[in-house]
$ cat structure32.cif   # mmCIF, N, CA and C atoms
data_upload
loop_
_atom_site.label_atom_id
_atom_site.label_comp_id
_atom_site.auth_asym_id
_atom_site.auth_seq_id
_atom_site.Cartn_x
_atom_site.Cartn_y
_atom_site.Cartn_z
N MET A 895 -20.18 6.73 -15.90
CA MET A 895 -19.34 7.79 -15.39
C MET A 895 -18.04 7.17 -14.88
N PRO A 896 -16.91 7.35 -15.57
CA PRO A 896 -15.64 6.80 -15.11
C PRO A 896 -15.09 7.56 -13.90
N TYR A 897 -14.59 6.78 -12.95
CA TYR A 897 -13.93 7.33 -11.77
C TYR A 897 -12.48 6.87 -11.78
N VAL A 898 -11.55 7.78 -11.60
CA VAL A 898 -10.13 7.46 -11.58
C VAL A 898 -9.54 8.00 -10.28
N THR A 899 -8.80 7.15 -9.57
CA THR A 899 -8.11 7.58 -8.36
C THR A 899 -6.61 7.54 -8.60
N VAL A 900 -5.95 8.65 -8.33
CA VAL A 900 -4.50 8.74 -8.45
C VAL A 900 -3.96 8.89 -7.03
N LYS A 901 -3.15 7.93 -6.61
CA LYS A 901 -2.53 7.98 -5.28
C LYS A 901 -1.07 8.33 -5.47
N MET A 902 -0.60 9.32 -4.72
CA MET A 902 0.79 9.74 -4.87
C MET A 902 1.29 10.42 -3.59
N ILE A 903 2.60 10.46 -3.48
CA ILE A 903 3.23 11.14 -2.35
C ILE A 903 3.00 12.64 -2.50
N GLU A 904 2.71 13.31 -1.40
CA GLU A 904 2.47 14.75 -1.43
C GLU A 904 3.71 15.50 -1.91
N GLY A 905 3.50 16.73 -2.36
CA GLY A 905 4.64 17.56 -2.74
C GLY A 905 4.53 18.15 -4.14
N ARG A 906 3.52 17.75 -4.90
CA ARG A 906 3.37 18.33 -6.23
C ARG A 906 2.69 19.69 -6.11
N SER A 907 3.01 20.57 -7.04
CA SER A 907 2.41 21.91 -7.04
C SER A 907 0.97 21.83 -7.54
N GLU A 908 0.23 22.89 -7.30
CA GLU A 908 -1.14 22.97 -7.81
C GLU A 908 -1.16 22.91 -9.34
N ASP A 909 -0.18 23.52 -9.98
CA ASP A 909 -0.10 23.47 -11.44
C ASP A 909 0.14 22.04 -11.92
N GLN A 910 0.98 21.29 -11.24
CA GLN A 910 1.23 19.90 -11.62
C GLN A 910 -0.03 19.06 -11.46
N LYS A 911 -0.75 19.26 -10.36
CA LYS A 911 -1.98 18.49 -10.13
C LYS A 911 -3.05 18.86 -11.15
N LYS A 912 -3.12 20.13 -11.50
CA LYS A 912 -4.08 20.57 -12.53
C LYS A 912 -3.78 19.90 -13.86
N ALA A 913 -2.50 19.89 -14.25
CA ALA A 913 -2.10 19.25 -15.50
C ALA A 913 -2.38 17.75 -15.46
N LEU A 914 -2.12 17.10 -14.33
CA LEU A 914 -2.38 15.68 -14.19
C LEU A 914 -3.86 15.37 -14.40
N VAL A 915 -4.72 16.13 -13.75
CA VAL A 915 -6.16 15.92 -13.88
C VAL A 915 -6.61 16.10 -15.33
N GLU A 916 -6.09 17.12 -15.99
CA GLU A 916 -6.46 17.37 -17.38
C GLU A 916 -6.03 16.22 -18.28
N LYS A 917 -4.80 15.73 -18.10
CA LYS A 917 -4.27 14.67 -18.96
C LYS A 917 -4.94 13.33 -18.68
N VAL A 918 -5.22 13.04 -17.42
CA VAL A 918 -5.93 11.81 -17.09
C VAL A 918 -7.33 11.85 -17.69
N THR A 919 -7.99 12.97 -17.56
CA THR A 919 -9.33 13.12 -18.16
C THR A 919 -9.27 12.91 -19.66
N ASP A 920 -8.32 13.55 -20.33
CA ASP A 920 -8.17 13.38 -21.78
C ASP A 920 -7.95 11.92 -22.16
N ALA A 921 -7.12 11.21 -21.39
CA ALA A 921 -6.84 9.81 -21.68
C ALA A 921 -8.10 8.95 -21.52
N VAL A 922 -8.89 9.21 -20.50
CA VAL A 922 -10.12 8.46 -20.29
C VAL A 922 -11.12 8.74 -21.41
N VAL A 923 -11.23 9.99 -21.80
CA VAL A 923 -12.13 10.36 -22.90
C VAL A 923 -11.70 9.66 -24.19
N GLU A 924 -10.41 9.70 -24.46
CA GLU A 924 -9.88 9.11 -25.69
C GLU A 924 -10.08 7.59 -25.74
N THR A 925 -9.87 6.93 -24.62
CA THR A 925 -9.90 5.47 -24.62
C THR A 925 -11.29 4.87 -24.38
N THR A 926 -12.18 5.61 -23.72
CA THR A 926 -13.50 5.06 -23.40
C THR A 926 -14.63 5.71 -24.17
N GLY A 927 -14.38 6.90 -24.69
CA GLY A 927 -15.45 7.63 -25.37
C GLY A 927 -16.39 8.35 -24.42
N ALA A 928 -16.10 8.30 -23.12
CA ALA A 928 -16.94 9.01 -22.15
C ALA A 928 -16.77 10.51 -22.35
N PRO A 929 -17.83 11.28 -22.14
CA PRO A 929 -17.69 12.73 -22.23
C PRO A 929 -16.87 13.26 -21.06
N ALA A 930 -16.04 14.26 -21.33
CA ALA A 930 -15.14 14.81 -20.31
C ALA A 930 -15.89 15.25 -19.05
N GLU A 931 -17.07 15.79 -19.22
CA GLU A 931 -17.82 16.28 -18.06
C GLU A 931 -18.32 15.16 -17.15
N LYS A 932 -18.18 13.91 -17.59
CA LYS A 932 -18.59 12.76 -16.77
C LYS A 932 -17.40 12.04 -16.13
N VAL A 933 -16.18 12.46 -16.45
CA VAL A 933 -14.99 11.82 -15.90
C VAL A 933 -14.65 12.46 -14.55
N VAL A 934 -14.53 11.62 -13.53
CA VAL A 934 -14.22 12.10 -12.18
C VAL A 934 -12.81 11.62 -11.83
N VAL A 935 -11.95 12.53 -11.39
CA VAL A 935 -10.58 12.19 -11.00
C VAL A 935 -10.38 12.59 -9.54
N PHE A 936 -9.96 11.62 -8.74
CA PHE A 936 -9.63 11.87 -7.34
C PHE A 936 -8.12 11.84 -7.21
N ILE A 937 -7.56 12.79 -6.49
CA ILE A 937 -6.14 12.75 -6.14
C ILE A 937 -6.05 12.51 -4.64
N GLU A 938 -5.40 11.41 -4.29
CA GLU A 938 -5.17 11.08 -2.88
C GLU A 938 -3.68 11.23 -2.61
N GLU A 939 -3.35 12.22 -1.79
CA GLU A 939 -1.95 12.46 -1.43
C GLU A 939 -1.66 11.86 -0.06
N MET A 940 -0.45 11.34 0.07
CA MET A 940 -0.06 10.79 1.36
C MET A 940 1.35 11.25 1.70
N THR A 941 1.64 11.25 2.98
CA THR A 941 2.98 11.61 3.43
C THR A 941 3.90 10.41 3.22
N LYS A 942 5.19 10.66 3.21
CA LYS A 942 6.16 9.57 3.04
C LYS A 942 6.10 8.57 4.19
N SER A 943 5.63 9.00 5.34
CA SER A 943 5.53 8.08 6.48
C SER A 943 4.32 7.16 6.36
N HIS A 944 3.42 7.44 5.41
CA HIS A 944 2.24 6.61 5.20
C HIS A 944 2.37 5.73 3.97
N TYR A 945 3.57 5.57 3.45
CA TYR A 945 3.79 4.82 2.22
C TYR A 945 5.06 3.99 2.39
N ALA A 946 4.97 2.71 2.09
CA ALA A 946 6.13 1.83 2.26
C ALA A 946 6.30 0.93 1.04
N VAL A 947 7.54 0.61 0.74
CA VAL A 947 7.88 -0.33 -0.32
C VAL A 947 8.88 -1.32 0.26
N GLY A 948 8.63 -2.59 0.08
CA GLY A 948 9.55 -3.60 0.58
C GLY A 948 9.71 -3.59 2.09
N GLY A 949 8.67 -3.20 2.79
CA GLY A 949 8.71 -3.18 4.25
C GLY A 949 9.38 -1.97 4.85
N LYS A 950 9.70 -0.98 4.03
CA LYS A 950 10.36 0.23 4.53
C LYS A 950 9.57 1.47 4.11
N ARG A 951 9.28 2.30 5.10
CA ARG A 951 8.60 3.57 4.79
C ARG A 951 9.53 4.48 4.02
N LEU A 952 8.98 5.24 3.10
CA LEU A 952 9.80 6.18 2.35
C LEU A 952 10.43 7.23 3.24
N SER A 953 9.75 7.57 4.33
CA SER A 953 10.29 8.56 5.26
C SER A 953 11.52 8.05 6.00
N ASP A 954 11.73 6.74 6.02
CA ASP A 954 12.88 6.15 6.73
C ASP A 954 14.11 6.04 5.83
N GLU A 955 13.94 6.28 4.55
CA GLU A 955 15.06 6.20 3.62
C GLU A 955 15.82 7.52 3.58
N SER A 956 17.08 7.43 3.33
CA SER A 956 17.91 8.65 3.30
C SER A 956 17.86 9.33 1.98
#
$ encode --input "structure32.cif" --output "structure tokens"
Amino acid sequence: MPYVTVKMIEGRSEDQKKALVEKVTDAVVETTGAPAEKVVVFIEEMTKSHYAVGGKRLSDES
């Protein structure tokens, strides 16, 4: 049973997240041969204040 975790900054619509889950599932099915009903996709959303690149939080950037 493949498990996929997608971590991203919050702000996507429900339609965007639905499409993401569908496409990730399709990609896993295509590349691994696993049945779609066994593919698990987790979406972990975080605020810009909980994500940093190069020592700077995204919330601190203009």
$ residues_around --input "structure32.cif" --residues "region 939-953 of chain A" --least-positions-apart "2" --cutoff "5 Å" --atoms "all atoms listed in the file" --output "PDB file with N, CA and C atoms, in the frame of the given file"
ATOM      1  N   MET A 902      -0.600   9.320  -4.720  1.00  0.00           N
ATOM      2  CA  MET A 902       0.790   9.740  -4.870  1.00  0.00           C
ATOM      3  C   MET A 902       1.290  10.420  -3.590  1.00  0.00           C
ATOM      4  N   ILE A 903       2.600  10.460  -3.480  1.00  0.00           N
ATOM      5  CA  ILE A 903       3.230  11.140  -2.350  1.00  0.00           C
ATOM      6  C   ILE A 903       3.000  12.640  -2.500  1.00  0.00           C
ATOM      7  N   GLU A 904       2.710  13.310  -1.400  1.00  0.00           N
ATOM      8  CA  GLU A 904       2.470  14.750  -1.430  1.00  0.00           C
ATOM      9  C   GLU A 904       3.710  15.500  -1.910  1.00  0.00           C
ATOM     10  N   ILE A 937      -7.560  12.790  -6.490  1.00  0.00           N
ATOM     11  CA  ILE A 937      -6.140  12.750  -6.140  1.00  0.00           C
ATOM     12  C   ILE A 937      -6.050  12.510  -4.640  1.00  0.00           C
ATOM     13  N   GLU A 955      13.940   6.280   4.550  1.00  0.00           N
ATOM     14  CA  GLU A 955      15.060   6.200   3.620  1.00  0.00           C
ATOM     15  C   GLU A 955      15.820   7.520   3.580  1.00  0.00           C
TER      16      GLU A 955
END
$ atom_distance --input "structure32.cif" --atom1 "CA of Arg906 (chain A)" --atom2 "CA of Pro929 (chain A)"
27.0 Å
$ atom_distance --input "structure32.cif" --atom1 "atom C of Ala928 (chain A)" --atom2 "atom N of Thr899 (chain A)"
15.4 Å
$ select_by_dssp --input "structure32.cif" --residues "region 921-952 of chain A" --states "helix (DSSP H, G or I)" --output "MDAnalysis selection string"
chainID A and resid 921:926 930:932 942:944 952
$ select_by_dssp --input "structure32.cif" --residues "chain A" --states "strand (DSSP E)" --output "list in words"
Tyr897, Val898, Thr899, Val900, Lys901, Met902, Ile903, Val934, Val935, Phe936, Ile937, Glu938, Glu939, Met940, Ala946, Val947, Lys950 and Arg951 of chain A
